[in-house]
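Participant: First, the structure itself, so that you have it in front of you.
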There are 2 protein chains.
Amino acid sequence: MLEMGKAREPNFLVLFFFGLILGFGISSEGSQIRHYKWEVEYMFWAPDCNENIVMGINGQFPGPTIRANAGDTVVVELTNKLHTEGVVIHWHGILQRGTPWADGTASISQCAINPGETFFYNFTVDNPGTFFYHGHLGMQRSAGLYGSLIVDPPQGKKEPFHYDGEINLLLSDWWHQSIHKQEVGLSSKPIRWIGEPQTILLNGRGQFDCSIAAKYDSNLEPCKLKGSEPCAPYIFHVSPKKTYRIRIASTTALAALNFAIGNHQLLVVEADGNYVQPFYTSDIDIYSGESYSVLITTDQNPSENYWVSVGTRARHPNTPPGLTLLNYLPNSVSKLPTSPPPETPAWDDFDRSKNFTYRITAAMGSPKPPVKFNRRIFLLNTQNVINGYVKWAINDVSLALPPTPYLGAMKYNLLHAFDQNPPPEVFPEDYDIDTPPTNEKTRIGNGVYQFKIGEVVDVILQNANMMKENLSETHPWHLHGHDFWVLGYGDGKFSAEEESSLNLKNPPLRNTVVIFPYGWTAIRFVADNPGVWAFHCHIEPHLHMGMGVVFAEGVDKVGRIPTKALACGVTAKSLINNPKNP
Amino acid sequence: MLEMGKAREPNFLVLFFFGLILGFGISSEGSQIRHYKWEVEYMFWAPDCNENIVMGINGQFPGPTIRANAGDTVVVELTNKLHTEGVVIHWHGILQRGTPWADGTASISQCAINPGETFFYNFTVDNPGTFFYHGHLGMQRSAGLYGSLIVDPPQGKKEPFHYDGEINLLLSDWWHQSIHKQEVGLSSKPIRWIGEPQTILLNGRGQFDCSIAAKYDSNLEPCKLKGSEPCAPYIFHVSPKKTYRIRIASTTALAALNFAIGNHQLLVVEADGNYVQPFYTSDIDIYSGESYSVLITTDQNPSENYWVSVGTRARHPNTPPGLTLLNYLPNSVSKLPTSPPPETPAWDDFDRSKNFTYRITAAMGSPKPPVKFNRRIFLLNTQNVINGYVKWAINDVSLALPPTPYLGAMKYNLLHAFDQNPPPEVFPEDYDIDTPPTNEKTRIGNGVYQFKIGEVVDVILQNANMMKENLSETHPWHLHGHDFWVLGYGDGKFSAEEESSLNLKNPPLRNTVVIFPYGWTAIRFVADNPGVWAFHCHIEPHLHMGMGVVFAEGVDKVGRIPTKALACGVTAKSLINNPKNP
Ligand SMILES: [Cu+2]
Ligand SMILES: [Cu+2]
């Protein structure tokens, strides 16, 4: 794998020119090179019928969909057309084996791309699945910098389930306030919380001041939409008596969502690019950073259309559900369903949420976790106040990313780029997770958890009470560079007695997993991917407030890093060495 | 001078540590080191009583005032606390002899400072005068990134005029729309013009939805201000029977202003840091980028207060004047003047504007221009449309700055960093300045006008009709790294006959000069400051739309450039050279 990493660039060039000459990019092994040329810029857009600016790619919002086969090489030539802001793009769920510099995390894997500059992301997509990409600098994801990334099985291979058609759905949430104002508010004393989103977007489309389901509720204002507006719903067109795969990914900044289709059961088959043991459900919960595939069969009354509803959960709701139609062709889309959209389960019915999440297990034949761990890290999630600023902290450290990306700093041994003391791996045994934290020792930090290559690592994520009494939130934790096995969940504090309850038989592989209020979640992964990897709450403002940690493994085995990924901070200072500039 | 440039940093370090040990920074020659530690960040602020975000420094808006004596060294340790945006600060009017890398122009003198990083600006202030500083990346100046920079005569020396007290006034204009939206609008097809400012700010203070002079006009809403609000007017407190120096600088994004004080004549003594032949006037015009000092004598009825009014000119006005009070102590500030604020002259009374501007001549004893020029460049100012985008162009080239700063690119001979063909030095003789341009040849460009060191350069700025019939605007052109002599102005097209009308006897030295509608302006300067220097319209959206050119001279004589100023673009790529990264 390391040799692969080193060989990638020249190899790619050969393939690329070969492709150019032939006019396409099929390599000798049948895998392809998928070349994308993108420009990121702000543009006027009305995602929810209210004009605003969004961060678009090539004039599109959401950005263009990447579609590739497992084994393909994806090359994204990304030009930053913003005027003052840097930019990076993270390929969420892609493992980046051999290309840790292409993970697209500012301050971790690379220097942000400066205005006017171009960066070449170049990576292989190893596994089929439903993925997405998004900005990973400041709160640029909230500004609309995201899109879908779909990986099909290798050419000539099939999915392990049949379907006749596919619908791709990327979910997000939208605020009318600019991210710059949101960022100032979160960093203010006292904090100004961003509040709940104004609108839920389905493929970048929502309706803020009107409802397409107003006919069932006289309190709602009906939308006057022709269907061609950027905020007109993205209709699911289907034919009767068929099976459809719906790919659902959530890149929300905050909202935990629930997805349901009137009258149709969902057969869950994939989660975060891994096949799961199929199960039927009336609706799915989907947290930020997660993706699912569900199969539906269009076996209902073919003369009707049906509601697709995406409501909010896990937080006191203040956002109407995002809606669209499952349109049985050849019915007109103007034919509204006979009954109102399916109701979103109560936001605080956490038992129901756990019931759904706990049901997810790996499909038969999936890779099993190593039976033993080499190292187990406990990560206590607390909300804290540091010098009057509200922060999130892990084991009393609130992450503030350094200006020099870790990957280059570690490769070149630049000891002043970040705190060389690793953060704590445990929290006090007597910590009371049911009361607000006292946090005398809470501090800002940027230390790194370093693993030996190949080490089997367990992480026990432990939730706790927030600053306010009787409050604990749900957090979806996302790991870069790896899939992990979810060994188990539980309420209260994790203890030795829970050991036997961990699932080593068929735990699902994921890249994102939630911790429920006052609960714990146990995961296991193998630290076998040389690089530096973020592990963080995928709620954008929570990460912005410090809710993350940094993992590193085998950085000495990392091959060439593109110069542009190193051209900032102390890496630039240390590597720029020219006799003409004495 | 070049030796000085090279010697500066070690010299500075010696002085600095000497200063630290002694607790202050007086050098052996009596000059001091003025050390400032600044953090730039967005913050909530209500410059005109409406809350918004502004770009502040150390929690202040406008930023802290720098005050130094001529000959002092100013060190600004600037940390970028923005989350996604780069930042630079330009020291407007400071010549930067020997320190061209400290001029603070992104893409020209340095790489923008990345989020989280710190850059040391380190320069001497050669001349006494009224200066200011401001952002010079994207439209960050419009976002509020500016402050005053006042240079007193060298220690022990006096100004050539007497005054008892001083009032420092920095003028700006303010929009409620974010600069990010403004930038998108200007770059949109069709263009969305930013419109006139909502408010004129005096030292960062204005009143948007009310007037402090409402008592004279029943159409106005009176302000309910206690005086402690950030938007309460900055009162000029004076004692009767004294002489005051009012320093007035304008860093407006767009507005041309007129400054007047009820009942008080103004004696103009300084312009852009150069003494002028004193003259009395009832009011002054001040364009963006300019500064003036005026003396007033508080010889009016001491039981009254008087209005200070700053109105808009040169564009169809849509912004109420900025107001404050000249408060004769010990009168209460709540005692409003008996008559309304002085009326701003008609916006389109260009004869009056010219009359004021043409009156400015150099004080006796000022340096005289060389009698002959070595090179004369004609710069035609036109508005154009390129691929549907509205742009400003100079000799048919609309400036789009490259990602790699010129200074480093030229020093290291990186030929691909920008267009090596210099832009045209003339425009067609038969160009009709009275009709809208046809602009078939207009293009985007980033070439450089290169001068031999010591060359005497004349620039004839030629105004013309815009895209719309019968429209030509006023543009204040600002030159970095030099003062220039203003040899003359005229209406229509410059021709050989005007040669004899040029003033070589007592032309004023300025760093900013206007071209009037359909007119020309002739300037002369000596290209004796090794570096790369912007010359551009100081109207922020005009520069953003390409209204500028780049001058370079003697870059081979430029000494050490700080690494951080080089760590971007092809300079970084070319200079990063590490055997560990094969
Ligand atoms: Cu992610
Ligand atoms: Cu300037």
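Quick note on naming: the chains in the structure tokens go A, B, ... in the order shown, residues restart at 1 in each chain, and ligands are numbered from 1 in order of appearance.
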Please identify all polymer residues within 12 Å of region 441-445 of chain A, counting only C-alpha atoms, omitting same-chain residues fewer than 4 positions from it, and present them as a PDB file with C-alpha atoms, in the first residue's frame.

Facilitator:
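Output file around14.pdb follows:
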```
ATOM      1  CA  LEU A 380     -15.523  12.281  27.409  1.00  0.00           C
ATOM      2  CA  ASN A 381     -17.707  14.801  25.562  1.00  0.00           C
ATOM      3  CA  THR A 382     -18.444  17.904  27.588  1.00  0.00           C
ATOM      4  CA  GLN A 383     -19.651  21.397  26.989  1.00  0.00           C
ATOM      5  CA  ASN A 384     -17.468  23.865  28.858  1.00  0.00           C
ATOM      6  CA  VAL A 385     -16.797  27.533  29.352  1.00  0.00           C
ATOM      7  CA  ILE A 386     -13.247  28.762  28.806  1.00  0.00           C
ATOM      8  CA  ASN A 387     -12.620  32.428  29.630  1.00  0.00           C
ATOM      9  CA  GLY A 388     -16.289  33.095  29.119  1.00  0.00           C
ATOM     10  CA  TYR A 389     -16.418  31.405  25.716  1.00  0.00           C
ATOM     11  CA  VAL A 390     -18.666  28.373  25.333  1.00  0.00           C
ATOM     12  CA  LYS A 391     -16.698  25.442  23.940  1.00  0.00           C
ATOM     13  CA  TRP A 392     -16.965  21.716  23.475  1.00  0.00           C
ATOM     14  CA  ALA A 393     -14.163  19.669  24.944  1.00  0.00           C
ATOM     15  CA  ILE A 394     -12.944  16.087  24.802  1.00  0.00           C
ATOM     16  CA  ASN A 395     -11.293  14.957  28.029  1.00  0.00           C
ATOM     17  CA  ASP A 396     -11.117  18.641  28.949  1.00  0.00           C
ATOM     18  CA  VAL A 397      -9.344  19.676  25.742  1.00  0.00           C
ATOM     19  CA  SER A 398     -11.170  21.856  23.230  1.00  0.00           C
ATOM     20  CA  LEU A 399      -9.592  21.426  19.804  1.00  0.00           C
ATOM     21  CA  ALA A 400      -8.291  24.566  18.096  1.00  0.00           C
ATOM     22  CA  LEU A 401      -6.582  23.608  14.864  1.00  0.00           C
ATOM     23  CA  PRO A 402      -3.091  25.048  14.301  1.00  0.00           C
ATOM     24  CA  PHE A 418       1.537  21.828  17.502  1.00  0.00           C
ATOM     25  CA  ASP A 419       1.527  20.610  21.082  1.00  0.00           C
ATOM     26  CA  GLN A 420       3.807  17.582  21.235  1.00  0.00           C
ATOM     27  CA  ASN A 421       2.087  16.295  24.363  1.00  0.00           C
ATOM     28  CA  PRO A 422      -0.720  13.950  23.424  1.00  0.00           C
ATOM     29  CA  PRO A 423      -4.105  14.721  24.977  1.00  0.00           C
ATOM     30  CA  PRO A 424      -5.411  12.498  27.807  1.00  0.00           C
ATOM     31  CA  PHE A 427     -11.119  10.956  32.079  1.00  0.00           C
ATOM     32  CA  PRO A 428     -11.452  10.773  35.865  1.00  0.00           C
ATOM     33  CA  PRO A 437     -19.248  19.946  34.312  1.00  0.00           C
ATOM     34  CA  MET A 545     -16.400  25.073  19.071  1.00  0.00           C
ATOM     35  CA  GLY A 546     -13.692  22.456  19.517  1.00  0.00           C
ATOM     36  CA  MET A 547     -15.478  19.109  19.426  1.00  0.00           C
ATOM     37  CA  GLY A 548     -12.883  16.933  17.806  1.00  0.00           C
ATOM     38  CA  VAL A 549      -9.588  15.128  18.196  1.00  0.00           C
ATOM     39  CA  VAL A 550      -6.731  14.290  15.850  1.00  0.00           C
TER      40      VAL A 550
END
```

Participant: Report the residues of region 269-361 of chain A whose backbone DSSP state falls under alpha helix (DSSP H), written as an MDAnalysis selection string.

Facilitator: chainID A and resid 350:358

Participant: Write the residues of the selection above to a file with all heavy atoms, as a PDB file, in the first residue's frame.

Facilitator:
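again28.pdb written:
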```
ATOM      1  N   PHE A 350     -36.139   9.170  22.264  1.00  0.00           N
ATOM      2  CA  PHE A 350     -34.792   8.614  22.066  1.00  0.00           C
ATOM      3  C   PHE A 350     -34.803   7.084  22.063  1.00  0.00           C
ATOM      4  O   PHE A 350     -33.951   6.459  21.454  1.00  0.00           O
ATOM      5  CB  PHE A 350     -33.818   9.161  23.109  1.00  0.00           C
ATOM      6  CG  PHE A 350     -33.531  10.629  22.915  1.00  0.00           C
ATOM      7  CD1 PHE A 350     -34.067  11.584  23.763  1.00  0.00           C
ATOM      8  CD2 PHE A 350     -32.741  11.049  21.856  1.00  0.00           C
ATOM      9  CE1 PHE A 350     -33.815  12.930  23.567  1.00  0.00           C
ATOM     10  CE2 PHE A 350     -32.484  12.401  21.651  1.00  0.00           C
ATOM     11  CZ  PHE A 350     -33.026  13.347  22.514  1.00  0.00           C
ATOM     12  N   ASP A 351     -35.772   6.504  22.722  1.00  0.00           N
ATOM     13  CA  ASP A 351     -35.862   5.041  22.684  1.00  0.00           C
ATOM     14  C   ASP A 351     -36.091   4.564  21.253  1.00  0.00           C
ATOM     15  O   ASP A 351     -35.487   3.604  20.790  1.00  0.00           O
ATOM     16  CB  ASP A 351     -37.000   4.554  23.592  1.00  0.00           C
ATOM     17  CG  ASP A 351     -36.610   4.662  25.053  1.00  0.00           C
ATOM     18  OD1 ASP A 351     -35.382   4.737  25.328  1.00  0.00           O
ATOM     19  OD2 ASP A 351     -37.503   4.714  25.915  1.00  0.00           O
ATOM     20  N   ARG A 352     -36.934   5.298  20.556  1.00  0.00           N
ATOM     21  CA  ARG A 352     -37.211   4.961  19.168  1.00  0.00           C
ATOM     22  C   ARG A 352     -35.941   5.136  18.323  1.00  0.00           C
ATOM     23  O   ARG A 352     -35.614   4.304  17.479  1.00  0.00           O
ATOM     24  CB  ARG A 352     -38.317   5.887  18.652  1.00  0.00           C
ATOM     25  CG  ARG A 352     -38.978   5.438  17.383  1.00  0.00           C
ATOM     26  CD  ARG A 352     -40.074   6.449  16.994  1.00  0.00           C
ATOM     27  NE  ARG A 352     -41.025   5.908  16.059  1.00  0.00           N
ATOM     28  CZ  ARG A 352     -40.799   5.762  14.756  1.00  0.00           C
ATOM     29  NH1 ARG A 352     -39.639   6.090  14.247  1.00  0.00           N
ATOM     30  NH2 ARG A 352     -41.752   5.280  13.957  1.00  0.00           N
ATOM     31  N   SER A 353     -35.215   6.223  18.577  1.00  0.00           N
ATOM     32  CA  SER A 353     -33.970   6.471  17.839  1.00  0.00           C
ATOM     33  C   SER A 353     -32.982   5.346  18.081  1.00  0.00           C
ATOM     34  O   SER A 353     -32.344   4.837  17.150  1.00  0.00           O
ATOM     35  CB  SER A 353     -33.326   7.789  18.284  1.00  0.00           C
ATOM     36  OG  SER A 353     -34.202   8.848  18.081  1.00  0.00           O
ATOM     37  N   LYS A 354     -32.827   4.986  19.353  1.00  0.00           N
ATOM     38  CA  LYS A 354     -31.872   3.921  19.688  1.00  0.00           C
ATOM     39  C   LYS A 354     -32.309   2.617  19.043  1.00  0.00           C
ATOM     40  O   LYS A 354     -31.490   1.872  18.491  1.00  0.00           O
ATOM     41  CB  LYS A 354     -31.793   3.752  21.205  1.00  0.00           C
ATOM     42  CG  LYS A 354     -31.105   4.918  21.888  1.00  0.00           C
ATOM     43  CD  LYS A 354     -31.237   4.837  23.406  1.00  0.00           C
ATOM     44  CE  LYS A 354     -30.726   6.120  24.041  1.00  0.00           C
ATOM     45  NZ  LYS A 354     -31.016   6.184  25.482  1.00  0.00           N
ATOM     46  N   ASN A 355     -33.590   2.355  19.082  1.00  0.00           N
ATOM     47  CA  ASN A 355     -34.106   1.125  18.501  1.00  0.00           C
ATOM     48  C   ASN A 355     -33.712   1.022  17.036  1.00  0.00           C
ATOM     49  O   ASN A 355     -33.229  -0.016  16.575  1.00  0.00           O
ATOM     50  CB  ASN A 355     -35.626   1.089  18.663  1.00  0.00           C
ATOM     51  CG  ASN A 355     -36.200  -0.196  18.111  1.00  0.00           C
ATOM     52  OD1 ASN A 355     -35.676  -1.278  18.387  1.00  0.00           O
ATOM     53  ND2 ASN A 355     -37.245  -0.090  17.300  1.00  0.00           N
ATOM     54  N   PHE A 356     -33.831   2.134  16.302  1.00  0.00           N
ATOM     55  CA  PHE A 356     -33.433   2.099  14.891  1.00  0.00           C
ATOM     56  C   PHE A 356     -31.923   1.883  14.765  1.00  0.00           C
ATOM     57  O   PHE A 356     -31.455   1.009  14.034  1.00  0.00           O
ATOM     58  CB  PHE A 356     -33.847   3.385  14.172  1.00  0.00           C
ATOM     59  CG  PHE A 356     -33.227   3.505  12.806  1.00  0.00           C
ATOM     60  CD1 PHE A 356     -33.713   2.745  11.748  1.00  0.00           C
ATOM     61  CD2 PHE A 356     -32.130   4.326  12.579  1.00  0.00           C
ATOM     62  CE1 PHE A 356     -33.121   2.806  10.491  1.00  0.00           C
ATOM     63  CE2 PHE A 356     -31.535   4.395  11.325  1.00  0.00           C
ATOM     64  CZ  PHE A 356     -32.033   3.633  10.276  1.00  0.00           C
ATOM     65  N   THR A 357     -31.177   2.691  15.491  1.00  0.00           N
ATOM     66  CA  THR A 357     -29.714   2.659  15.318  1.00  0.00           C
ATOM     67  C   THR A 357     -29.130   1.314  15.748  1.00  0.00           C
ATOM     68  O   THR A 357     -28.217   0.784  15.105  1.00  0.00           O
ATOM     69  CB  THR A 357     -29.087   3.815  16.121  1.00  0.00           C
ATOM     70  OG1 THR A 357     -29.638   5.052  15.630  1.00  0.00           O
ATOM     71  CG2 THR A 357     -27.592   3.860  15.972  1.00  0.00           C
ATOM     72  N   TYR A 358     -29.652   0.775  16.838  1.00  0.00           N
ATOM     73  CA  TYR A 358     -29.119  -0.501  17.371  1.00  0.00           C
ATOM     74  C   TYR A 358     -29.405  -1.671  16.429  1.00  0.00           C
ATOM     75  O   TYR A 358     -28.769  -2.727  16.536  1.00  0.00           O
ATOM     76  CB  TYR A 358     -29.718  -0.811  18.744  1.00  0.00           C
ATOM     77  CG  TYR A 358     -29.358   0.148  19.871  1.00  0.00           C
ATOM     78  CD1 TYR A 358     -28.540   1.261  19.663  1.00  0.00           C
ATOM     79  CD2 TYR A 358     -29.842  -0.068  21.165  1.00  0.00           C
ATOM     80  CE1 TYR A 358     -28.227   2.127  20.704  1.00  0.00           C
ATOM     81  CE2 TYR A 358     -29.523   0.798  22.216  1.00  0.00           C
ATOM     82  CZ  TYR A 358     -28.725   1.895  21.972  1.00  0.00           C
ATOM     83  OH  TYR A 358     -28.421   2.753  23.001  1.00  0.00           O
TER      84      TYR A 358
END
```

Participant: For chain A, which residue out of B:Thr199, B:Ser334, B:Thr404, B:Ser472 is the nearest one, using only C-alpha atoms?

Facilitator: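 The answer is B:Thr404, which sits nearest to chain A.
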
Participant: Find the residues of chain B in contact range of chain A, meaning any atom within 9 Å when counting only C-alpha atoms, and list them as JSON, numbers by chain.

Facilitator: {"B": [41, 42, 43, 44, 52, 53, 83, 84, 85, 86, 87, 112, 114, 115, 116, 117, 137, 138, 139, 140, 178, 180, 181, 183, 184, 185, 188, 401, 402, 403, 404, 411, 412, 559, 560, 561, 562, 563, 564, 566, 567, 568, 569, 572, 573, 574, 575, 576, 577, 578, 580, 581, 582]}

Participant: Quick one: DSSP strand (DSSP E or B) residues in region 79-281 of chain B, as a VMD selection string?

Facilitator: chain B and resid 79 to 80 85 87 89 to 92 106 110 113 118 to 124 129 to 135 146 to 152 165 to 174 199 to 202 205 211 222 236 to 238 243 to 250 256 to 261 264 266 to 271 274 to 281

Participant: Find the residues near region 483-500 of chain B: any atom within 8 Å, counting only C-alpha atoms, skip ones fewer than 5 places away on the same chain, and give them as a list in words.

Facilitator: Gly93, Leu95, Tyr358, Pro369, Ile433, Ile460, Gln462, Pro507, Pro508, Leu509, Arg510, Asn511, Val513, Ile515, Phe516, Tyr518, Gly519, Trp520, Thr521, Ala522, Ile523, Arg524, Phe525 and Val526 of chain B
